[in-house]
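S.K.: Structure supplied as my_file_29.cif; contents: mmCIF, C-alpha atoms (C1' of nucleotides).
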```
data_coords
loop_
_atom_site.label_atom_id
_atom_site.label_comp_id
_atom_site.auth_asym_id
_atom_site.auth_seq_id
_atom_site.Cartn_x
_atom_site.Cartn_y
_atom_site.Cartn_z
CA MET A 18 -79.21 30.38 -145.63
CA GLU A 19 -81.40 28.23 -147.76
CA ALA A 20 -82.86 27.95 -151.25
CA ARG A 21 -80.04 26.28 -153.10
CA ARG A 22 -79.77 22.52 -152.69
CA ASP A 23 -77.09 21.65 -155.15
CA VAL A 24 -74.07 19.47 -154.47
CA PHE A 25 -71.60 21.95 -155.91
CA GLN A 26 -73.06 24.68 -153.74
CA ALA A 27 -73.07 22.40 -150.72
CA ILE A 28 -69.39 21.56 -150.91
CA ALA A 29 -68.42 25.15 -151.65
CA ASP A 30 -68.37 25.88 -147.95
CA PRO A 31 -65.23 24.72 -146.11
CA THR A 32 -67.13 24.01 -142.90
CA ARG A 33 -69.48 21.70 -144.75
CA ARG A 34 -66.56 19.90 -146.35
CA GLU A 35 -65.11 19.41 -142.88
CA ILE A 36 -68.41 18.06 -141.60
CA LEU A 37 -68.50 15.54 -144.43
CA ASP A 38 -64.94 14.61 -143.68
CA LEU A 39 -65.77 14.09 -140.03
CA LEU A 40 -68.83 11.99 -140.80
CA SER A 41 -67.06 9.88 -143.38
CA GLY A 42 -65.18 8.41 -140.43
CA GLN A 43 -68.23 7.56 -138.34
CA PRO A 44 -71.81 8.70 -137.79
CA LEU A 45 -72.24 11.31 -135.08
CA ASN A 46 -75.11 13.17 -133.51
CA VAL A 47 -75.59 16.88 -134.21
CA ASN A 48 -74.15 18.16 -130.95
CA THR A 49 -71.02 16.08 -131.22
CA VAL A 50 -70.45 17.47 -134.70
CA ALA A 51 -71.04 20.97 -133.39
CA GLU A 52 -68.45 20.52 -130.64
CA ARG A 53 -65.74 20.14 -133.23
CA PHE A 54 -66.30 23.61 -134.62
CA ASP A 55 -65.65 27.05 -133.33
CA MET A 56 -69.19 28.28 -133.85
CA THR A 57 -72.55 27.90 -132.23
CA ARG A 58 -74.56 24.70 -132.34
CA GLN A 59 -77.16 26.50 -134.43
CA ALA A 60 -74.68 27.42 -137.13
CA VAL A 61 -73.48 23.83 -137.41
CA SER A 62 -77.05 22.59 -137.26
CA LEU A 63 -77.87 24.74 -140.30
CA HIS A 64 -74.93 23.30 -142.23
CA VAL A 65 -76.12 19.83 -141.32
CA LYS A 66 -79.59 20.74 -142.54
CA ILE A 67 -78.24 21.93 -145.87
CA LEU A 68 -76.14 18.81 -146.28
CA SER A 69 -79.09 16.60 -145.53
CA GLU A 70 -81.39 18.55 -147.84
CA CYS A 71 -79.05 18.02 -150.73
CA GLY A 72 -78.65 14.36 -149.85
CA LEU A 73 -75.03 14.27 -148.74
CA ILE A 74 -75.91 13.11 -145.26
CA VAL A 75 -78.81 11.16 -143.83
CA LEU A 76 -80.41 11.95 -140.48
CA ARG A 77 -81.96 9.32 -138.34
CA GLN A 78 -83.69 9.94 -135.07
CA GLN A 79 -82.50 7.86 -132.15
CA GLY A 80 -84.27 8.76 -128.97
CA ARG A 81 -83.57 12.42 -128.42
CA GLU A 82 -80.53 12.35 -130.67
CA ARG A 83 -80.29 12.84 -134.39
CA ILE A 84 -77.56 10.77 -135.92
CA CYS A 85 -75.88 12.22 -138.99
CA GLU A 86 -74.49 9.70 -141.40
CA ALA A 87 -72.49 10.50 -144.52
CA GLN A 88 -74.13 9.43 -147.74
CA LEU A 89 -71.58 10.43 -150.31
CA ASP A 90 -73.10 8.95 -153.44
CA LYS A 91 -74.02 12.40 -154.67
CA LEU A 92 -70.33 13.27 -154.85
CA ARG A 93 -70.20 11.09 -157.92
CA GLU A 94 -71.89 13.95 -159.74
CA VAL A 95 -68.96 16.19 -158.89
CA ALA A 96 -66.44 13.48 -159.72
CA GLN A 97 -68.00 12.99 -163.13
CA TRP A 98 -68.04 16.68 -163.90
CA VAL A 99 -64.39 17.11 -162.95
CA GLU A 100 -63.44 13.93 -164.77
CA ARG A 101 -64.43 15.51 -168.06
CA TYR A 102 -61.50 17.86 -167.71
CA ARG A 103 -58.91 15.44 -166.40
CA GLN A 104 -57.02 15.52 -169.71
CA PHE A 105 -56.44 19.23 -169.20
CA TRP A 106 -54.33 18.92 -166.10
CA GLU A 107 -52.75 15.62 -167.02
CA GLN A 108 -51.59 17.16 -170.26
CA HIS A 109 -49.89 19.88 -168.29
CA LEU A 110 -48.36 17.35 -165.91
CA ASP A 111 -47.02 15.46 -168.90
CA SER A 112 -45.21 18.47 -170.25
CA LEU A 113 -43.84 19.19 -166.79
CA GLU A 114 -42.55 15.64 -166.64
CA GLN A 115 -40.99 15.98 -170.04
CA TYR A 116 -39.34 19.15 -168.91
CA LEU A 117 -37.94 17.50 -165.80
CA ASP A 118 -36.73 14.57 -167.91
CA HIS A 119 -35.06 17.06 -170.17
CA LEU A 120 -33.31 18.68 -167.22
CA GLN A 121 -32.28 15.25 -165.96
CA LYS A 122 -30.65 14.38 -169.29
CA GLN A 123 -28.88 17.71 -169.46
CA LYS A 124 -27.46 16.99 -166.05
CA LYS A 125 -26.13 13.60 -167.16
CA HIS A 126 -24.27 14.80 -170.21
CA GLY A 127 -21.57 16.94 -168.68
CA ARG A 128 -21.72 20.41 -167.14
CA LYS A 129 -22.40 19.00 -163.69
CA LYS A 130 -22.15 22.44 -162.20
CA MET B 281 -69.05 39.63 -155.58
CA GLU B 282 -65.48 39.20 -154.51
CA ALA B 283 -63.41 38.12 -151.52
CA ARG B 284 -63.44 34.37 -151.94
CA ARG B 285 -61.03 32.99 -154.50
CA ASP B 286 -61.38 29.33 -153.89
CA VAL B 287 -61.89 26.69 -156.56
CA PHE B 288 -64.80 25.04 -154.76
CA GLN B 289 -66.50 28.39 -154.46
CA ALA B 290 -65.74 29.22 -158.08
CA ILE B 291 -67.36 26.11 -159.50
CA ALA B 292 -70.35 26.39 -157.18
CA ASP B 293 -72.02 28.74 -159.64
CA PRO B 294 -73.66 27.04 -162.64
CA THR B 295 -72.91 29.97 -164.93
CA ARG B 296 -69.23 29.71 -164.12
CA ARG B 297 -69.25 25.98 -164.78
CA GLU B 298 -70.83 26.70 -168.15
CA ILE B 299 -68.18 29.29 -168.92
CA LEU B 300 -65.45 26.78 -168.14
CA ASP B 301 -67.19 24.24 -170.31
CA LEU B 302 -67.38 26.72 -173.15
CA LEU B 303 -63.74 27.70 -172.83
CA SER B 304 -62.54 24.13 -172.57
CA GLY B 305 -63.49 23.87 -176.23
CA GLN B 306 -61.63 26.93 -177.41
CA PRO B 307 -60.40 30.28 -176.14
CA LEU B 308 -62.83 33.16 -176.62
CA ASN B 309 -62.86 36.85 -175.92
CA VAL B 310 -65.05 38.25 -173.15
CA ASN B 311 -67.83 39.54 -175.38
CA THR B 312 -68.18 36.29 -177.26
CA VAL B 313 -68.51 34.45 -173.98
CA ALA B 314 -71.09 37.00 -172.83
CA GLU B 315 -73.19 36.51 -175.96
CA ARG B 316 -73.82 32.91 -174.99
CA PHE B 317 -75.56 33.89 -171.80
CA ASP B 318 -78.85 35.50 -171.05
CA MET B 319 -77.41 38.24 -168.89
CA THR B 320 -75.49 41.47 -169.36
CA ARG B 321 -71.90 41.59 -170.49
CA GLN B 322 -70.98 43.01 -167.08
CA ALA B 323 -72.38 40.06 -165.22
CA VAL B 324 -70.44 37.62 -167.37
CA SER B 325 -67.37 39.80 -167.12
CA LEU B 326 -67.53 39.52 -163.35
CA HIS B 327 -67.76 35.73 -163.54
CA VAL B 328 -64.76 35.77 -165.85
CA LYS B 329 -62.90 37.93 -163.36
CA ILE B 330 -63.62 35.53 -160.52
CA LEU B 331 -62.55 32.55 -162.60
CA SER B 332 -59.32 34.25 -163.56
CA GLU B 333 -58.63 35.38 -160.01
CA CYS B 334 -58.84 31.84 -158.76
CA GLY B 335 -56.69 30.60 -161.63
CA LEU B 336 -59.21 28.57 -163.60
CA ILE B 337 -58.84 30.74 -166.67
CA VAL B 338 -56.05 32.89 -168.04
CA LEU B 339 -56.63 36.25 -169.68
CA ARG B 340 -54.39 37.57 -172.39
CA GLN B 341 -54.74 40.93 -174.02
CA GLN B 342 -54.85 40.93 -177.80
CA GLY B 343 -55.40 44.40 -179.20
CA ARG B 344 -58.62 45.62 -177.70
CA GLU B 345 -59.77 42.09 -176.95
CA ARG B 346 -59.15 39.96 -173.88
CA ILE B 347 -58.90 36.33 -174.72
CA CYS B 348 -60.07 33.93 -172.03
CA GLU B 349 -58.40 30.57 -172.01
CA ALA B 350 -59.31 27.65 -169.75
CA GLN B 351 -56.55 26.59 -167.37
CA LEU B 352 -58.10 23.69 -165.57
CA ASP B 353 -55.16 22.44 -163.54
CA LYS B 354 -56.75 23.76 -160.39
CA LEU B 355 -59.61 21.33 -160.84
CA ARG B 356 -57.19 18.64 -159.76
CA GLU B 357 -57.68 19.98 -156.24
CA VAL B 358 -61.38 19.19 -156.50
CA ALA B 359 -60.73 15.82 -158.13
CA GLN B 360 -58.40 14.85 -155.31
CA TRP B 361 -60.83 15.89 -152.64
CA VAL B 362 -63.67 13.93 -154.21
CA GLU B 363 -61.42 10.96 -154.89
CA ARG B 364 -60.97 10.44 -151.18
CA TYR B 365 -64.62 9.44 -150.96
CA ARG B 366 -64.86 7.35 -154.11
CA GLN B 367 -65.11 4.14 -152.08
CA PHE B 368 -68.30 5.45 -150.51
CA TRP B 369 -70.32 5.55 -153.68
CA GLU B 370 -68.65 2.56 -155.30
CA GLN B 371 -69.47 0.51 -152.22
CA HIS B 372 -73.08 1.46 -152.61
CA LEU B 373 -73.00 0.63 -156.29
CA ASP B 374 -71.60 -2.77 -155.41
CA SER B 375 -74.40 -3.57 -153.02
CA LEU B 376 -76.90 -2.35 -155.60
CA GLU B 377 -75.34 -4.72 -158.10
CA GLN B 378 -75.50 -7.57 -155.62
CA TYR B 379 -79.11 -6.79 -155.00
CA LEU B 380 -79.86 -6.79 -158.72
CA ASP B 381 -77.99 -10.09 -159.07
CA HIS B 382 -80.07 -11.46 -156.26
CA LEU B 383 -83.28 -10.41 -158.01
CA GLN B 384 -82.00 -11.95 -161.21
CA LYS B 385 -81.40 -15.30 -159.52
CA GLN B 386 -84.79 -15.23 -157.83
CA LYS B 387 -86.36 -14.70 -161.23
CA LYS B 388 -84.57 -17.73 -162.65
CA HIS B 389 -85.62 -20.19 -159.98
CA GLY B 390 -89.34 -20.30 -160.48
CA ARG B 391 -92.10 -17.85 -159.51
CA LYS B 392 -91.85 -15.98 -162.79
CA LYS B 393 -94.65 -13.66 -161.78
"C1'" DT C 255 -91.00 13.68 -110.77
"C1'" DC C 256 -87.26 16.89 -111.65
"C1'" DC C 257 -83.45 18.30 -114.16
"C1'" DA C 258 -79.86 17.92 -117.59
"C1'" DT C 259 -79.18 17.08 -122.39
"C1'" DA C 260 -80.28 17.11 -127.46
"C1'" DG C 261 -81.72 19.94 -130.73
"C1'" DG C 262 -85.28 22.54 -133.31
"C1'" DC C 263 -87.42 27.34 -134.41
"C1'" DA C 264 -87.50 32.36 -135.00
"C1'" DA C 265 -85.72 36.83 -135.41
"C1'" DG C 266 -81.92 39.80 -136.26
"C1'" DT C 267 -77.41 41.28 -138.46
"C1'" DA C 268 -73.35 41.87 -141.36
"C1'" DT C 269 -71.38 40.37 -145.48
"C1'" DT C 270 -71.29 38.37 -149.90
"C1'" DT C 271 -73.51 37.24 -154.29
"C1'" DG C 272 -75.39 37.95 -158.62
"C1'" DC C 273 -77.01 41.10 -161.33
"C1'" DT C 274 -78.33 45.75 -163.31
"C1'" DT C 275 -77.67 50.54 -165.45
"C1'" DG C 276 -74.70 54.23 -166.83
"C1'" DC C 277 -70.32 55.84 -167.98
"C1'" DT C 278 -65.55 56.00 -169.78
"C1'" DA C 279 -61.23 54.51 -172.22
"C1'" DA C 280 -58.83 52.26 -175.71
"C1'" DT C 281 -58.40 50.04 -180.12
"C1'" DA C 282 -59.99 49.17 -184.95
"C1'" DT C 283 -62.06 50.40 -189.18
"C1'" DA C 284 -64.45 53.25 -192.73
"C1'" DT D 33 -60.50 61.77 -188.42
"C1'" DA D 34 -65.11 60.06 -187.09
"C1'" DT D 35 -67.37 55.96 -185.59
"C1'" DA D 36 -68.06 51.36 -184.03
"C1'" DT D 37 -66.47 47.75 -181.07
"C1'" DT D 38 -64.26 45.72 -176.86
"C1'" DA D 39 -64.38 45.87 -172.24
"C1'" DG D 40 -63.35 47.91 -167.74
"C1'" DC D 41 -65.14 50.76 -163.58
"C1'" DA D 42 -68.55 52.44 -160.22
"C1'" DA D 43 -72.80 52.70 -157.88
"C1'" DG D 44 -76.97 50.51 -156.59
"C1'" DC D 45 -80.01 46.66 -155.28
"C1'" DA D 46 -82.43 42.44 -153.88
"C1'" DA D 47 -81.54 38.05 -152.32
"C1'" DA D 48 -78.78 34.64 -150.25
"C1'" DT D 49 -75.15 33.35 -146.77
"C1'" DA D 50 -73.19 32.63 -142.56
"C1'" DC D 51 -73.68 33.62 -138.34
"C1'" DT D 52 -75.64 35.06 -133.67
"C1'" DT D 53 -78.83 35.21 -129.43
"C1'" DG D 54 -82.94 33.80 -127.18
"C1'" DC D 55 -86.49 30.60 -126.43
"C1'" DC D 56 -89.03 26.25 -126.38
"C1'" DT D 57 -89.83 21.15 -126.63
"C1'" DA D 58 -88.73 16.52 -126.20
"C1'" DT D 59 -86.28 12.55 -124.16
"C1'" DG D 60 -83.70 10.10 -120.66
"C1'" DG D 61 -81.52 9.36 -116.24
"C1'" DA D 62 -81.29 10.45 -111.04
#
```
Give the structure from this file in structure tokens form.
M.R.:
Amino acid sequence: MEARRDVFQAIADPTRREILDLLSGQPLNVNTVAERFDMTRQAVSLHVKILSECGLIVLRQQGRERICEAQLDKLREVAQWVERYRQFWEQHLDSLEQYLDHLQKQKKHGRKK
Amino acid sequence: MEARRDVFQAIADPTRREILDLLSGQPLNVNTVAERFDMTRQAVSLHVKILSECGLIVLRQQGRERICEAQLDKLREVAQWVERYRQFWEQHLDSLEQYLDHLQKQKKHGRKK
DNA sequence: TCCATAGGCAAGTATTTGCTTGCTAATATA
DNA sequence: TATATTAGCAAGCAAATACTTGCCTATGGA
């Protein structure tokens, strides 16, 4: 459970997405994060490690606690990649809209069931 | 190499992102896609299978060829997820801008090095 | 000072990934 | 019809993933 420190890889795991979600609300220490999940502290700790290694969260020591704070700048990379293809789904939405419009008009001119 | 058919998982692999990129330009058959990569046809074929199973590409049989066509609607899911955190990186950009502005002003009022 | 709490490290396991080689089937073309 | 091309299937493999259990070290409060 190591080696790849890439944002796309990091957010591929649903648990890690949940952790980010949790931390986007407020910073939490490792154990508190772990409590929210149905797995051992170690498992969560590893996810936290991966997230921090790829820069999506920042860890700061506070006494005996390690506070995890979301640092979501790196998500911009993902946003930019996806953005390149926005036209593809918007195009499809457009034709769906047109189709619904078409249905709407058909409904207006007679044959109301 | 199976089991998970999830968009986030699908785009986690750089080869698969490249395949999508390639196909967003124009539809291609499996072998043509495979030629662009430095790995066996089988390996690419598996990536294509995964992409089609999670709905990011559509396969259509044409004689003995299988044409792969990008179908990027599913990326909206990713876009929406990332969008929720846009404020986080834009916020940071803002404070960076403010900081740069600050520097700029400092430069103007005297002490030009 | 003693003990509970926070949390890291290491080893072990099952499953999934990413890729290979070898083979077969179907469709085109000479 | 014989041959080349497209592409799937199956088995095999090393590495990575996603976990676990067990242990050990700090820090902080009673």
S.K.: Counting only C-alpha atoms (C1' of nucleotides), which of C:DC263, C:DC273, C:DA268, C:DA282 gets nearest to chain A?
M.R.: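 Under the stated criterion, the closest residue is C:DC263.
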S.K.: Just give me the residues with any atom within 10 Å of (-67.9, 55.7, -163.9), file coordinates, counting only C-alpha atoms (C1' of nucleotides), written as a list in words.
M.R.: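 Returned residue set, sorted by chain then number, is DG276, DC277 and DT278 of chain C; DG40, DC41, DA42 and DA43 of chain D.
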S.K.: Write down, as a ChimeraX atom specification, each residue of chain B that has any atom within 9 Å of an atom of chain D, counting only C-alpha atoms (C1' of nucleotides).
M.R.: /B:310-311,321-322,325,344-346
S.K.: Rank B:Pro307, B:Glu363, B:Glu370, B:Ala290 by their smallest atom-to-atom distance to Cys348 in chain B, using only C-alpha atoms, and report the top residue only.
M.R.: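 Result for the nearest residue to Cys348 in chain B: B:Pro307.
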S.K.: Please, which residues of chain C lie no more than 12 Å from chain B when the count uses all atoms listed in the file, and can they be set out as JSON, numbers by chain?
M.R.: {"C": [269, 270, 271, 272, 273, 274, 275, 276, 279, 280, 281, 282]}
S.K.: Please dump the current selection as a PDB file, keeping the file's coordinate frame; keep C-alpha atoms (C1' of nucleotides).
M.R.:
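Written out: result.pdb:
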```pdb
ATOM      1  C1'  DT C 269     -71.380  40.370-145.480  1.00  0.00           C
ATOM      2  C1'  DT C 270     -71.290  38.370-149.900  1.00  0.00           C
ATOM      3  C1'  DT C 271     -73.510  37.240-154.290  1.00  0.00           C
ATOM      4  C1'  DG C 272     -75.390  37.950-158.620  1.00  0.00           C
ATOM      5  C1'  DC C 273     -77.010  41.100-161.330  1.00  0.00           C
ATOM      6  C1'  DT C 274     -78.330  45.750-163.310  1.00  0.00           C
ATOM      7  C1'  DT C 275     -77.670  50.540-165.450  1.00  0.00           C
ATOM      8  C1'  DG C 276     -74.700  54.230-166.830  1.00  0.00           C
ATOM      9  C1'  DA C 279     -61.230  54.510-172.220  1.00  0.00           C
ATOM     10  C1'  DA C 280     -58.830  52.260-175.710  1.00  0.00           C
ATOM     11  C1'  DT C 281     -58.400  50.040-180.120  1.00  0.00           C
ATOM     12  C1'  DA C 282     -59.990  49.170-184.950  1.00  0.00           C
TER      13       DA C 282
END
```
S.K.: Only N, CA and C atoms, as a CSV table (one decimal), in the first residue's frame: that is what I want for range 26-63 of chain A.
M.R.:
```csv
chain,number,residue,atom,x,y,z
A,26,GLN,N,-4.9,8.6,-8.4
A,26,GLN,CA,-4.9,7.3,-7.7
A,26,GLN,C,-5.4,7.5,-6.3
A,27,ALA,N,-5.1,8.6,-5.6
A,27,ALA,CA,-5.5,8.9,-4.3
A,27,ALA,C,-7.0,9.0,-4.1
A,28,ILE,N,-7.6,9.6,-5.1
A,28,ILE,CA,-9.1,9.8,-4.9
A,28,ILE,C,-9.9,8.6,-5.5
A,29,ALA,N,-9.1,7.6,-6.0
A,29,ALA,CA,-9.8,6.4,-6.6
A,29,ALA,C,-10.4,5.6,-5.5
A,30,ASP,N,-9.9,5.7,-4.3
A,30,ASP,CA,-10.4,4.9,-3.2
A,30,ASP,C,-11.6,5.6,-2.5
A,31,PRO,N,-12.7,5.0,-2.3
A,31,PRO,CA,-13.9,5.6,-1.7
A,31,PRO,C,-13.7,6.1,-0.3
A,32,THR,N,-12.9,5.3,0.5
A,32,THR,CA,-12.6,5.6,1.8
A,32,THR,C,-11.8,6.9,1.9
A,33,ARG,N,-10.9,7.1,1.0
A,33,ARG,CA,-10.1,8.3,1.0
A,33,ARG,C,-10.9,9.5,0.6
A,34,ARG,N,-11.8,9.3,-0.3
A,34,ARG,CA,-12.7,10.4,-0.7
A,34,ARG,C,-13.6,10.8,0.5
A,35,GLU,N,-14.0,9.8,1.3
A,35,GLU,CA,-14.8,10.1,2.5
A,35,GLU,C,-13.9,10.9,3.5
A,36,ILE,N,-12.7,10.5,3.6
A,36,ILE,CA,-11.8,11.2,4.6
A,36,ILE,C,-11.7,12.6,4.2
A,37,LEU,N,-11.5,12.9,2.9
A,37,LEU,CA,-11.3,14.2,2.4
A,37,LEU,C,-12.6,15.0,2.7
A,38,ASP,N,-13.7,14.4,2.5
A,38,ASP,CA,-15.0,15.0,2.7
A,38,ASP,C,-15.1,15.4,4.2
A,39,LEU,N,-14.8,14.5,5.0
A,39,LEU,CA,-14.8,14.7,6.5
A,39,LEU,C,-13.9,15.9,6.9
A,40,LEU,N,-12.7,15.9,6.3
A,40,LEU,CA,-11.8,16.9,6.7
A,40,LEU,C,-12.0,18.3,6.1
A,41,SER,N,-12.8,18.2,5.0
A,41,SER,CA,-13.1,19.5,4.4
A,41,SER,C,-14.0,20.3,5.3
A,42,GLY,N,-14.7,19.7,6.2
A,42,GLY,CA,-15.5,20.3,7.2
A,42,GLY,C,-14.7,21.0,8.3
A,43,GLN,N,-13.8,20.2,8.9
A,43,GLN,CA,-12.9,20.7,9.9
A,43,GLN,C,-11.8,19.8,10.1
A,44,PRO,N,-10.6,20.3,10.6
A,44,PRO,CA,-9.5,19.5,10.9
A,44,PRO,C,-9.8,18.5,12.0
A,45,LEU,N,-9.2,17.3,11.9
A,45,LEU,CA,-9.4,16.3,13.0
A,45,LEU,C,-8.1,15.6,13.2
A,46,ASN,N,-8.0,15.0,14.4
A,46,ASN,CA,-6.8,14.2,14.6
A,46,ASN,C,-7.0,12.8,14.0
A,47,VAL,N,-6.0,12.0,13.9
A,47,VAL,CA,-6.1,10.7,13.2
A,47,VAL,C,-7.1,9.8,13.9
A,48,ASN,N,-7.1,9.7,15.2
A,48,ASN,CA,-8.0,8.8,15.8
A,48,ASN,C,-9.5,9.1,15.6
A,49,THR,N,-9.7,10.4,15.6
A,49,THR,CA,-11.1,10.8,15.4
A,49,THR,C,-11.6,10.5,14.0
A,50,VAL,N,-10.7,10.6,13.1
A,50,VAL,CA,-11.0,10.2,11.7
A,50,VAL,C,-11.3,8.7,11.7
A,51,ALA,N,-10.4,8.0,12.3
A,51,ALA,CA,-10.5,6.5,12.3
A,51,ALA,C,-11.8,6.1,12.9
A,52,GLU,N,-12.3,6.8,13.9
A,52,GLU,CA,-13.6,6.4,14.6
A,52,GLU,C,-14.8,6.4,13.7
A,53,ARG,N,-14.7,7.2,12.6
A,53,ARG,CA,-15.8,7.3,11.7
A,53,ARG,C,-15.9,6.2,10.7
A,54,PHE,N,-14.9,5.3,10.7
A,54,PHE,CA,-14.9,4.2,9.7
A,54,PHE,C,-14.9,2.9,10.4
A,55,ASP,N,-15.5,2.0,9.6
A,55,ASP,CA,-15.6,0.6,10.1
A,55,ASP,C,-14.4,-0.2,9.8
A,56,MET,N,-13.2,0.3,10.2
A,56,MET,CA,-12.0,-0.5,10.0
A,56,MET,C,-11.0,-0.1,11.1
A,57,THR,N,-9.9,-0.8,11.2
A,57,THR,CA,-9.0,-0.5,12.2
A,57,THR,C,-8.3,0.9,12.1
A,58,ARG,N,-7.8,1.4,13.1
A,58,ARG,CA,-7.1,2.7,13.2
A,58,ARG,C,-5.9,2.6,12.2
A,59,GLN,N,-5.3,1.5,12.1
A,59,GLN,CA,-4.1,1.4,11.2
A,59,GLN,C,-4.5,1.6,9.8
A,60,ALA,N,-5.6,0.9,9.4
A,60,ALA,CA,-6.1,1.1,8.0
A,60,ALA,C,-6.3,2.5,7.6
A,61,VAL,N,-7.0,3.2,8.5
A,61,VAL,CA,-7.3,4.6,8.3
A,61,VAL,C,-6.0,5.4,8.3
A,62,SER,N,-5.1,5.1,9.2
A,62,SER,CA,-3.9,5.8,9.3
A,62,SER,C,-3.1,5.7,8.0
A,63,LEU,N,-3.2,4.5,7.4
A,63,LEU,CA,-2.5,4.4,6.1
A,63,LEU,C,-3.1,5.2,5.0
```
